[in-house]
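Student: File final_35.csv follows (CSV, N, CA and C atoms):
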```csv
chain,number,residue,atom,x,y,z
Z,213,MET,N,-46.2,13.8,7.7
Z,213,MET,CA,-45.8,12.8,6.7
Z,213,MET,C,-44.8,13.4,5.7
Z,214,PRO,N,-43.7,12.7,5.5
Z,214,PRO,CA,-42.7,13.2,4.5
Z,214,PRO,C,-43.3,13.2,3.1
Z,215,GLN,N,-42.8,14.2,2.4
Z,215,GLN,CA,-43.2,14.3,1.0
Z,215,GLN,C,-42.4,13.3,0.1
Z,216,PRO,N,-43.0,12.9,-1.0
Z,216,PRO,CA,-42.3,12.0,-1.9
Z,216,PRO,C,-41.2,12.8,-2.6
Z,217,PRO,N,-40.1,12.2,-3.0
Z,217,PRO,CA,-38.9,12.9,-3.6
Z,217,PRO,C,-39.3,13.9,-4.7
Z,218,ALA,N,-40.2,13.5,-5.6
Z,218,ALA,CA,-40.6,14.4,-6.7
Z,218,ALA,C,-41.2,15.7,-6.1
Z,219,GLN,N,-42.1,15.6,-5.1
Z,219,GLN,CA,-42.7,16.8,-4.5
Z,219,GLN,C,-41.6,17.6,-3.8
Z,220,GLN,N,-40.7,17.0,-3.2
Z,220,GLN,CA,-39.6,17.7,-2.5
Z,220,GLN,C,-38.8,18.5,-3.6
Z,221,ARG,N,-38.5,17.9,-4.7
Z,221,ARG,CA,-37.7,18.6,-5.7
Z,221,ARG,C,-38.5,19.7,-6.3
Z,222,LEU,N,-39.8,19.5,-6.5
Z,222,LEU,CA,-40.7,20.6,-7.0
Z,222,LEU,C,-40.7,21.7,-6.0
Z,223,SER,N,-40.9,21.4,-4.8
Z,223,SER,CA,-40.9,22.4,-3.7
Z,223,SER,C,-39.6,23.2,-3.7
Z,224,THR,N,-38.5,22.5,-3.8
Z,224,THR,CA,-37.2,23.2,-3.8
Z,224,THR,C,-37.0,24.1,-5.0
Z,225,MET,N,-37.5,23.6,-6.2
Z,225,MET,CA,-37.4,24.5,-7.4
Z,225,MET,C,-38.3,25.7,-7.3
Z,226,ILE,N,-39.5,25.6,-6.7
Z,226,ILE,CA,-40.3,26.8,-6.5
Z,226,ILE,C,-39.7,27.7,-5.5
Z,227,ASP,N,-39.1,27.2,-4.4
Z,227,ASP,CA,-38.4,28.0,-3.4
Z,227,ASP,C,-37.2,28.8,-4.1
Z,228,GLN,N,-36.5,28.1,-4.9
Z,228,GLN,CA,-35.4,28.8,-5.6
Z,228,GLN,C,-35.9,29.9,-6.5
Z,229,LEU,N,-37.0,29.6,-7.2
Z,229,LEU,CA,-37.6,30.6,-8.1
Z,229,LEU,C,-38.1,31.8,-7.3
Z,230,ARG,N,-38.7,31.5,-6.2
Z,230,ARG,CA,-39.2,32.6,-5.3
Z,230,ARG,C,-38.1,33.5,-4.9
Z,231,GLN,N,-36.9,32.9,-4.6
Z,231,GLN,CA,-35.7,33.8,-4.3
Z,231,GLN,C,-35.2,34.6,-5.5
Z,232,GLN,N,-35.2,34.0,-6.6
Z,232,GLN,CA,-34.8,34.7,-7.8
Z,232,GLN,C,-35.8,35.9,-8.1
Z,233,ILE,N,-37.1,35.6,-8.0
Z,233,ILE,CA,-38.1,36.7,-8.2
Z,233,ILE,C,-37.9,37.8,-7.2
Z,234,ALA,N,-37.6,37.4,-5.9
Z,234,ALA,CA,-37.5,38.4,-4.9
Z,234,ALA,C,-36.3,39.4,-5.2
Z,235,GLN,N,-35.3,38.9,-5.9
Z,235,GLN,CA,-34.2,39.7,-6.3
Z,235,GLN,C,-34.4,40.6,-7.5
Z,236,GLN,N,-35.5,40.4,-8.2
Z,236,GLN,CA,-35.8,41.2,-9.4
Z,236,GLN,C,-36.6,42.4,-9.1
Z,237,PRO,N,-36.4,43.5,-9.9
Z,237,PRO,CA,-37.3,44.6,-9.7
Z,237,PRO,C,-38.7,44.2,-10.3
Z,238,ASP,N,-39.6,44.0,-9.4
Z,238,ASP,CA,-40.9,43.4,-9.9
Z,238,ASP,C,-42.0,44.4,-10.0
Z,239,GLY,N,-41.8,45.4,-10.8
Z,239,GLY,CA,-42.8,46.4,-11.0
Z,239,GLY,C,-43.8,45.9,-12.1
Z,240,ALA,N,-44.8,46.6,-12.3
Z,240,ALA,CA,-45.8,46.3,-13.3
Z,240,ALA,C,-45.2,46.6,-14.7
Z,241,CYS,N,-45.6,45.8,-15.7
Z,241,CYS,CA,-45.2,46.0,-17.1
Z,241,CYS,C,-46.5,46.5,-17.8
Z,242,ARG,N,-46.3,47.0,-19.0
Z,242,ARG,CA,-47.4,47.5,-19.8
Z,242,ARG,C,-48.3,46.4,-20.2
Z,243,GLN,N,-47.9,45.2,-20.5
Z,243,GLN,CA,-48.7,44.1,-20.9
Z,243,GLN,C,-48.3,42.8,-20.2
Z,244,PRO,N,-49.2,41.8,-20.3
Z,244,PRO,CA,-48.8,40.6,-19.6
Z,244,PRO,C,-47.5,40.0,-20.2
Z,245,ARG,N,-46.8,39.3,-19.3
Z,245,ARG,CA,-45.4,38.8,-19.8
Z,245,ARG,C,-45.5,37.5,-20.5
Z,246,PHE,N,-46.6,36.7,-20.3
Z,246,PHE,CA,-46.7,35.4,-20.8
Z,246,PHE,C,-48.0,35.2,-21.5
Z,247,ASP,N,-48.0,34.1,-22.4
Z,247,ASP,CA,-49.2,33.8,-23.1
Z,247,ASP,C,-50.3,33.3,-22.2
Z,248,SER,N,-51.5,33.5,-22.6
Z,248,SER,CA,-52.6,33.1,-21.7
Z,248,SER,C,-52.8,31.6,-21.7
Z,249,GLN,N,-52.2,30.9,-22.6
Z,249,GLN,CA,-52.2,29.4,-22.5
Z,249,GLN,C,-51.3,28.9,-21.4
Z,250,LEU,N,-50.3,29.6,-21.1
Z,250,LEU,CA,-49.3,29.2,-20.1
Z,250,LEU,C,-49.7,29.6,-18.7
Z,251,PHE,N,-50.2,30.9,-18.6
Z,251,PHE,CA,-50.7,31.4,-17.3
Z,251,PHE,C,-52.0,32.0,-17.5
Z,252,ARG,N,-53.0,31.7,-16.6
Z,252,ARG,CA,-54.3,32.3,-16.7
Z,252,ARG,C,-54.2,33.7,-16.0
Z,253,CYS,N,-53.3,34.0,-15.2
Z,253,CYS,CA,-53.1,35.2,-14.5
Z,253,CYS,C,-53.1,36.4,-15.5
Z,254,LYS,N,-53.7,37.5,-15.1
Z,254,LYS,CA,-53.7,38.7,-16.0
Z,254,LYS,C,-52.8,39.7,-15.4
Z,255,GLY,N,-52.1,39.4,-14.3
Z,255,GLY,CA,-51.1,40.4,-13.7
Z,255,GLY,C,-49.9,40.6,-14.6
Z,256,THR,N,-49.1,41.5,-14.3
Z,256,THR,CA,-47.9,41.8,-15.1
Z,256,THR,C,-46.7,41.7,-14.2
Z,257,ARG,N,-46.8,41.4,-12.9
Z,257,ARG,CA,-45.7,41.2,-12.0
Z,257,ARG,C,-45.3,39.8,-11.9
Z,258,LEU,N,-44.0,39.5,-11.8
Z,258,LEU,CA,-43.5,38.1,-11.6
Z,258,LEU,C,-44.2,37.4,-10.4
Z,259,ALA,N,-44.4,38.2,-9.4
Z,259,ALA,CA,-45.0,37.6,-8.1
Z,259,ALA,C,-46.4,37.1,-8.4
Z,260,ASP,N,-47.1,37.8,-9.3
Z,260,ASP,CA,-48.5,37.3,-9.7
Z,260,ASP,C,-48.4,35.9,-10.3
Z,261,TYR,N,-47.5,35.7,-11.2
Z,261,TYR,CA,-47.3,34.5,-11.9
Z,261,TYR,C,-46.8,33.4,-10.9
Z,262,LEU,N,-46.0,33.8,-10.0
Z,262,LEU,CA,-45.5,32.8,-9.0
Z,262,LEU,C,-46.7,32.3,-8.1
Z,263,LEU,N,-47.6,33.1,-7.8
Z,263,LEU,CA,-48.8,32.7,-7.0
Z,263,LEU,C,-49.6,31.6,-7.8
Z,264,GLU,N,-49.7,31.9,-9.1
Z,264,GLU,CA,-50.5,30.9,-9.9
Z,264,GLU,C,-49.7,29.5,-9.9
Z,265,LEU,N,-48.4,29.6,-10.1
Z,265,LEU,CA,-47.5,28.4,-10.1
Z,265,LEU,C,-47.7,27.7,-8.8
Z,266,GLU,N,-47.6,28.4,-7.7
Z,266,GLU,CA,-47.8,27.7,-6.4
Z,266,GLU,C,-49.2,27.1,-6.2
Z,267,HIS,N,-50.2,27.8,-6.7
Z,267,HIS,CA,-51.6,27.2,-6.7
Z,267,HIS,C,-51.6,25.9,-7.5
Z,268,ASN,N,-51.0,25.9,-8.7
Z,268,ASN,CA,-51.0,24.7,-9.5
Z,268,ASN,C,-50.2,23.6,-8.8
Z,269,ALA,N,-49.1,23.9,-8.1
Z,269,ALA,CA,-48.4,22.9,-7.4
Z,269,ALA,C,-49.2,22.3,-6.3
Z,270,ALA,N,-50.0,23.1,-5.6
Z,270,ALA,CA,-50.9,22.6,-4.5
Z,270,ALA,C,-51.9,21.7,-5.1
Z,271,GLN,N,-52.5,22.1,-6.3
Z,271,GLN,CA,-53.4,21.2,-7.0
Z,271,GLN,C,-52.8,19.9,-7.4
Z,272,LEU,N,-51.6,19.9,-7.8
Z,272,LEU,CA,-50.9,18.7,-8.2
Z,272,LEU,C,-50.8,17.7,-7.1
Z,273,ALA,N,-50.5,18.3,-5.9
Z,273,ALA,CA,-50.3,17.4,-4.7
Z,273,ALA,C,-51.6,16.8,-4.3
Z,274,ALA,N,-52.7,17.6,-4.5
Z,274,ALA,CA,-54.0,17.1,-4.0
Z,274,ALA,C,-54.8,16.2,-5.0
Z,275,THR,N,-54.4,16.2,-6.3
Z,275,THR,CA,-55.1,15.5,-7.3
Z,275,THR,C,-54.7,14.0,-7.3
Z,276,ALA,N,-55.7,13.2,-7.4
Z,276,ALA,CA,-55.5,11.7,-7.5
Z,276,ALA,C,-55.6,11.2,-9.0
Z,277,ASP,N,-56.3,11.9,-9.8
Z,277,ASP,CA,-56.5,11.5,-11.2
Z,277,ASP,C,-55.1,11.6,-12.0
Z,278,VAL,N,-54.7,10.4,-12.5
Z,278,VAL,CA,-53.4,10.3,-13.2
Z,278,VAL,C,-53.3,11.2,-14.4
Z,279,MET,N,-54.3,11.3,-15.2
Z,279,MET,CA,-54.2,12.2,-16.4
Z,279,MET,C,-54.1,13.7,-16.0
Z,280,ARG,N,-54.9,14.1,-15.0
Z,280,ARG,CA,-54.8,15.4,-14.5
Z,280,ARG,C,-53.4,15.7,-13.9
Z,281,ARG,N,-52.9,14.8,-13.1
Z,281,ARG,CA,-51.6,15.0,-12.6
Z,281,ARG,C,-50.5,15.1,-13.6
Z,282,GLN,N,-50.6,14.3,-14.7
Z,282,GLN,CA,-49.6,14.4,-15.8
Z,282,GLN,C,-49.7,15.8,-16.5
Z,283,TRP,N,-51.0,16.2,-16.8
Z,283,TRP,CA,-51.2,17.5,-17.4
Z,283,TRP,C,-50.7,18.6,-16.5
Z,284,LEU,N,-51.0,18.6,-15.2
Z,284,LEU,CA,-50.6,19.7,-14.3
Z,284,LEU,C,-49.0,19.6,-14.2
Z,285,GLY,N,-48.5,18.5,-14.1
Z,285,GLY,CA,-47.0,18.4,-14.0
Z,285,GLY,C,-46.3,19.0,-15.2
Z,286,GLU,N,-46.8,18.7,-16.4
Z,286,GLU,CA,-46.2,19.3,-17.6
Z,286,GLU,C,-46.4,20.9,-17.6
Z,287,LYS,N,-47.6,21.3,-17.2
Z,287,LYS,CA,-47.8,22.7,-17.2
Z,287,LYS,C,-46.9,23.4,-16.1
Z,288,ILE,N,-46.8,22.8,-15.0
Z,288,ILE,CA,-45.9,23.4,-13.9
Z,288,ILE,C,-44.5,23.5,-14.4
Z,289,LEU,N,-44.0,22.5,-15.1
Z,289,LEU,CA,-42.6,22.5,-15.6
Z,289,LEU,C,-42.4,23.6,-16.6
Z,290,ASP,N,-43.4,23.8,-17.5
Z,290,ASP,CA,-43.4,24.9,-18.5
Z,290,ASP,C,-43.4,26.2,-17.8
Z,291,GLN,N,-44.2,26.4,-16.7
Z,291,GLN,CA,-44.3,27.6,-16.0
Z,291,GLN,C,-43.0,28.0,-15.3
Z,292,ILE,N,-42.4,26.9,-14.7
Z,292,ILE,CA,-41.1,27.2,-14.0
Z,292,ILE,C,-40.1,27.6,-15.0
Z,293,ALA,N,-40.0,26.9,-16.2
Z,293,ALA,CA,-39.0,27.3,-17.2
Z,293,ALA,C,-39.2,28.7,-17.7
Z,294,ALA,N,-40.5,29.1,-17.9
Z,294,ALA,CA,-40.8,30.4,-18.4
Z,294,ALA,C,-40.4,31.5,-17.4
Z,295,LEU,N,-40.7,31.2,-16.1
Z,295,LEU,CA,-40.4,32.2,-15.1
Z,295,LEU,C,-38.9,32.3,-14.9
Z,296,GLN,N,-38.1,31.2,-15.0
Z,296,GLN,CA,-36.7,31.3,-14.9
Z,296,GLN,C,-36.1,32.1,-16.1
Z,297,ARG,N,-36.6,31.8,-17.3
Z,297,ARG,CA,-36.1,32.6,-18.4
Z,297,ARG,C,-36.4,34.1,-18.3
Z,298,GLU,N,-37.6,34.4,-17.8
Z,298,GLU,CA,-37.9,35.8,-17.6
Z,298,GLU,C,-37.0,36.5,-16.5
Z,299,CYS,N,-36.7,35.8,-15.5
Z,299,CYS,CA,-35.8,36.3,-14.5
Z,299,CYS,C,-34.4,36.6,-15.0
Z,300,GLN,N,-33.9,35.6,-15.8
Z,300,GLN,CA,-32.6,35.7,-16.4
Z,300,GLN,C,-32.5,36.8,-17.5
Z,301,SER,N,-33.6,37.1,-18.1
Z,301,SER,CA,-33.5,38.1,-19.2
Z,301,SER,C,-33.9,39.5,-18.9
Z,302,GLN,N,-34.1,39.8,-17.6
Z,302,GLN,CA,-34.5,41.1,-17.2
Z,302,GLN,C,-33.5,42.2,-17.6
Z,303,GLN,N,-32.3,41.9,-17.5
Z,303,GLN,CA,-31.2,42.9,-17.8
Z,303,GLN,C,-31.1,43.1,-19.3
Z,304,LEU,N,-31.6,42.2,-20.1
Z,304,LEU,CA,-31.4,42.3,-21.5
Z,304,LEU,C,-32.5,43.2,-22.1
Z,305,ARG,N,-33.6,43.5,-21.4
Z,305,ARG,CA,-34.7,44.2,-21.9
Z,305,ARG,C,-34.3,45.7,-22.1
Z,306,VAL,N,-34.9,46.3,-23.2
Z,306,VAL,CA,-34.6,47.7,-23.4
Z,306,VAL,C,-35.4,48.4,-22.3
Z,307,ALA,N,-35.0,49.7,-22.0
Z,307,ALA,CA,-35.5,50.4,-20.9
Z,307,ALA,C,-37.1,50.5,-20.9
Z,308,ARG,N,-37.7,50.7,-22.1
Z,308,ARG,CA,-39.1,50.9,-22.1
Z,308,ARG,C,-39.9,49.6,-21.8
Z,309,GLU,N,-39.2,48.4,-21.9
Z,309,GLU,CA,-39.8,47.2,-21.6
Z,309,GLU,C,-39.6,46.7,-20.2
Z,310,ARG,N,-38.7,47.3,-19.5
Z,310,ARG,CA,-38.4,46.9,-18.1
Z,310,ARG,C,-39.6,47.2,-17.2
Z,311,PRO,N,-39.8,46.4,-16.2
Z,311,PRO,CA,-40.9,46.7,-15.2
Z,311,PRO,C,-40.6,48.0,-14.5
Z,312,ARG,N,-41.7,48.7,-14.3
Z,312,ARG,CA,-41.6,50.0,-13.6
Z,312,ARG,C,-42.4,49.9,-12.3
Z,313,SER,N,-41.9,50.5,-11.3
Z,313,SER,CA,-42.7,50.5,-10.1
Z,313,SER,C,-43.5,51.8,-10.2
Z,314,ASP,N,-44.7,51.7,-9.7
Z,314,ASP,CA,-45.7,52.8,-9.7
Z,314,ASP,C,-45.5,53.6,-8.4
Z,315,PRO,N,-45.0,54.8,-8.4
Z,315,PRO,CA,-44.9,55.6,-7.2
Z,315,PRO,C,-46.2,55.8,-6.5
Z,316,ARG,N,-47.3,55.9,-7.3
Z,316,ARG,CA,-48.6,56.1,-6.7
Z,316,ARG,C,-49.1,54.9,-6.0
Z,317,GLN,N,-48.7,53.7,-6.4
Z,317,GLN,CA,-49.0,52.5,-5.7
Z,317,GLN,C,-48.3,52.5,-4.4
Z,318,ARG,N,-47.1,52.9,-4.3
Z,318,ARG,CA,-46.4,52.9,-3.0
Z,318,ARG,C,-47.1,53.9,-2.1
Z,319,LYS,N,-47.5,55.0,-2.6
Z,319,LYS,CA,-48.2,56.0,-1.7
Z,319,LYS,C,-49.6,55.4,-1.3
Z,320,ARG,N,-50.3,54.7,-2.1
Z,320,ARG,CA,-51.5,54.0,-1.8
Z,320,ARG,C,-51.3,53.0,-0.7
Z,321,ASP,N,-50.2,52.2,-0.8
Z,321,ASP,CA,-49.9,51.2,0.2
Z,321,ASP,C,-49.6,51.9,1.6
Z,322,GLU,N,-48.8,53.0,1.5
Z,322,GLU,CA,-48.5,53.7,2.8
Z,322,GLU,C,-49.8,54.2,3.4
Z,323,TYR,N,-50.7,54.8,2.6
Z,323,TYR,CA,-52.0,55.3,3.0
Z,323,TYR,C,-52.8,54.2,3.7
Z,324,GLN,N,-52.9,53.0,3.1
Z,324,GLN,CA,-53.6,51.9,3.6
Z,324,GLN,C,-53.0,51.5,5.0
Z,325,ALA,N,-51.7,51.4,5.0
Z,325,ALA,CA,-51.1,51.0,6.3
Z,325,ALA,C,-51.4,52.1,7.4
Z,326,MET,N,-51.3,53.3,7.1
Z,326,MET,CA,-51.6,54.4,8.1
Z,326,MET,C,-53.1,54.3,8.5
Z,327,LYS,N,-54.0,54.1,7.5
Z,327,LYS,CA,-55.4,54.0,7.8
Z,327,LYS,C,-55.7,52.8,8.8
Z,328,HIS,N,-55.1,51.7,8.5
Z,328,HIS,CA,-55.3,50.5,9.4
Z,328,HIS,C,-54.7,50.8,10.8
Z,329,ALA,N,-53.5,51.5,10.8
Z,329,ALA,CA,-52.9,51.8,12.1
Z,329,ALA,C,-53.8,52.7,12.9
Z,330,CYS,N,-54.3,53.7,12.2
Z,330,CYS,CA,-55.2,54.7,12.9
Z,330,CYS,C,-56.5,54.0,13.4
Z,331,TRP,N,-57.0,53.1,12.6
Z,331,TRP,CA,-58.2,52.4,13.0
Z,331,TRP,C,-58.0,51.5,14.3
Z,332,ARG,N,-56.8,50.9,14.3
Z,332,ARG,CA,-56.5,50.0,15.4
Z,332,ARG,C,-56.3,50.9,16.7
Z,333,CYS,N,-55.7,52.1,16.5
Z,333,CYS,CA,-55.5,53.0,17.6
Z,333,CYS,C,-56.8,53.5,18.1
Z,334,CYS,N,-57.7,53.9,17.2
Z,334,CYS,CA,-59.0,54.4,17.7
Z,334,CYS,C,-59.8,53.3,18.3
Z,335,ASN,N,-59.7,52.1,17.8
Z,335,ASN,CA,-60.5,51.0,18.3
Z,335,ASN,C,-60.0,50.7,19.7
Z,336,SER,N,-58.7,50.7,19.9
Z,336,SER,CA,-58.2,50.4,21.3
Z,336,SER,C,-58.5,51.5,22.3
Z,337,ALA,N,-58.5,52.8,21.8
Z,337,ALA,CA,-58.8,53.9,22.6
Z,337,ALA,C,-60.3,53.8,23.0
Z,338,SER,N,-61.2,53.5,22.1
Z,338,SER,CA,-62.6,53.4,22.5
Z,338,SER,C,-62.9,52.3,23.5
Z,339,SER,N,-62.1,51.2,23.3
Z,339,SER,CA,-62.3,50.1,24.3
Z,339,SER,C,-61.8,50.5,25.7
Z,340,ILE,N,-60.7,51.2,25.7
Z,340,ILE,CA,-60.2,51.7,27.0
Z,340,ILE,C,-61.2,52.7,27.6
Z,341,TRP,N,-61.8,53.6,26.8
Z,341,TRP,CA,-62.8,54.5,27.3
Z,341,TRP,C,-64.0,53.8,27.9
Z,342,ARG,N,-64.5,52.8,27.2
Z,342,ARG,CA,-65.6,52.0,27.7
Z,342,ARG,C,-65.3,51.4,29.0
Z,343,ALA,N,-64.1,50.9,29.1
Z,343,ALA,CA,-63.7,50.2,30.4
Z,343,ALA,C,-63.6,51.2,31.5
Z,344,LEU,N,-63.2,52.4,31.2
Z,344,LEU,CA,-63.1,53.4,32.3
Z,344,LEU,C,-64.4,53.9,32.7
Z,345,LYS,N,-65.4,53.9,31.8
Z,345,LYS,CA,-66.8,54.4,32.2
Z,345,LYS,C,-67.5,53.4,33.1
Z,346,ARG,N,-67.1,52.2,33.1
Z,346,ARG,CA,-67.7,51.2,34.0
Z,346,ARG,C,-67.4,51.4,35.4
```
So that I can check it, write out the structure of this file as structure tokens.

Tutor:
Amino acid sequence: MPQPPAQQRLSTMIDQLRQQIAQQPDGACRQPRFDSQLFRCKGTRLADYLLELEHNAAQLAATADVMRRQWLGEKILDQIAALQRECQSQQLRVARERPRSDPRQRKRDEYQAMKHACWRCCNSASSIWRALKR
């Protein structure tokens, strides 16, 4: 079923914002980037806030209550505007306020990927061994 024009425009705006955020260095900051009234998210990465925005947009599409839809619509517009401003102002921040990537987090991610790869390999080897024993 085709989406109404307003939902299509909202979807397009969120897609454009997703592309802008993907181009940003999205490391963790020392403190949350936005007020807790605007985003409930406690994360400090732009991607964390984008997930909350997408969740709110999905709620908007599923809600039938007019008052709730109006409130969510206004909140979503405010969130989009805030994320766009944050993306555009990244280069203006002083070095200590810019997001930093955590090298330890990268190592933890690599470790987890290797751990899962090893588990899959061991799991498939044991199933082959069981098949050969029959």

Student: Which distance in Å separates atom N of Asp227 (chain Z) and CA of Ala293 (chain Z), to one decimal?

Tutor: 12.8 Å

Student: For each of Z:Ile226, Z:Leu272, Z:Ala218, Z:Ala343, take the minimum atom-to-atom distance to Ile292 (chain Z), counting all atoms listed in the file, then give the residue where this is smallest.

Tutor: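 Comparing Z:Ile226, Z:Leu272, Z:Ala218, Z:Ala343 against Ile292 (chain Z), the winner is Z:Ile226.
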
Student: Between CA of Leu344 (chain Z) and atom N of His328 (chain Z), measure the distance and give it in Å to one decimal.

Tutor: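 Value for the CA of Leu344 (chain Z)-atom N of His328 (chain Z) distance: 25.2 Å.
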
Student: Using only C-alpha atoms, can you tell me which of Z:Thr275, Z:Gln296, Z:Gln235, Z:Gln228 comes closest to Tyr261 (chain Z)?

Tutor: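 Closest residue, counting only C-alpha atoms: Z:Gln296.
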
Student: Using only N, CA and C atoms, pick whichever of Z:Leu289, Z:Ala273, Z:Ala234, Z:Cys330 has the shortest atom-to-atom distance to Gln219 (chain Z).

Tutor: Z:Ala273

Student: Give me, please, the distance in Å between CA of Gly285 (chain Z) and CA of Asp260 (chain Z), quoted to one decimal.

Tutor: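 The value is 19.4 Å.
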
Student: Taking all atoms listed in the file into account, name the residue in Z:Ala259, Z:Met225, Z:Leu265, Z:Ala329 that is nearest to Lys287 (chain Z).

Tutor: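 Counting all atoms listed in the file, the residue closest to Lys287 (chain Z) is Z:Leu265.
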
Student: So that I can see what lies close to Leu295 (chain Z), please list as a PDB file with N, CA and C atoms, in the coordinates of the input the residues with an atom at most 9 Å from it, counting only C-alpha atoms and leaving out residues fewer than 3 positions away in the same chain.

Tutor:
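Below you can see selection-v2.pdb, which holds the result:
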```
ATOM      1  N   LEU Z 229     -37.000  29.600  -7.200  1.00  0.00           N
ATOM      2  CA  LEU Z 229     -37.600  30.600  -8.100  1.00  0.00           C
ATOM      3  C   LEU Z 229     -38.100  31.800  -7.300  1.00  0.00           C
ATOM      4  N   ILE Z 233     -37.100  35.600  -8.000  1.00  0.00           N
ATOM      5  CA  ILE Z 233     -38.100  36.700  -8.200  1.00  0.00           C
ATOM      6  C   ILE Z 233     -37.900  37.800  -7.200  1.00  0.00           C
ATOM      7  N   LEU Z 258     -44.000  39.500 -11.800  1.00  0.00           N
ATOM      8  CA  LEU Z 258     -43.500  38.100 -11.600  1.00  0.00           C
ATOM      9  C   LEU Z 258     -44.200  37.400 -10.400  1.00  0.00           C
ATOM     10  N   TYR Z 261     -47.500  35.700 -11.200  1.00  0.00           N
ATOM     11  CA  TYR Z 261     -47.300  34.500 -11.900  1.00  0.00           C
ATOM     12  C   TYR Z 261     -46.800  33.400 -10.900  1.00  0.00           C
ATOM     13  N   LEU Z 262     -46.000  33.800 -10.000  1.00  0.00           N
ATOM     14  CA  LEU Z 262     -45.500  32.800  -9.000  1.00  0.00           C
ATOM     15  C   LEU Z 262     -46.700  32.300  -8.100  1.00  0.00           C
ATOM     16  N   ASP Z 290     -43.400  23.800 -17.500  1.00  0.00           N
ATOM     17  CA  ASP Z 290     -43.400  24.900 -18.500  1.00  0.00           C
ATOM     18  C   ASP Z 290     -43.400  26.200 -17.800  1.00  0.00           C
ATOM     19  N   GLN Z 291     -44.200  26.400 -16.700  1.00  0.00           N
ATOM     20  CA  GLN Z 291     -44.300  27.600 -16.000  1.00  0.00           C
ATOM     21  C   GLN Z 291     -43.000  28.000 -15.300  1.00  0.00           C
ATOM     22  N   ILE Z 292     -42.400  26.900 -14.700  1.00  0.00           N
ATOM     23  CA  ILE Z 292     -41.100  27.200 -14.000  1.00  0.00           C
ATOM     24  C   ILE Z 292     -40.100  27.600 -15.000  1.00  0.00           C
ATOM     25  N   GLU Z 298     -37.600  34.400 -17.800  1.00  0.00           N
ATOM     26  CA  GLU Z 298     -37.900  35.800 -17.600  1.00  0.00           C
ATOM     27  C   GLU Z 298     -37.000  36.500 -16.500  1.00  0.00           C
ATOM     28  N   CYS Z 299     -36.700  35.800 -15.500  1.00  0.00           N
ATOM     29  CA  CYS Z 299     -35.800  36.300 -14.500  1.00  0.00           C
ATOM     30  C   CYS Z 299     -34.400  36.600 -15.000  1.00  0.00           C
ATOM     31  N   GLN Z 300     -33.900  35.600 -15.800  1.00  0.00           N
ATOM     32  CA  GLN Z 300     -32.600  35.700 -16.400  1.00  0.00           C
ATOM     33  C   GLN Z 300     -32.500  36.800 -17.500  1.00  0.00           C
TER      34      GLN Z 300
END
```
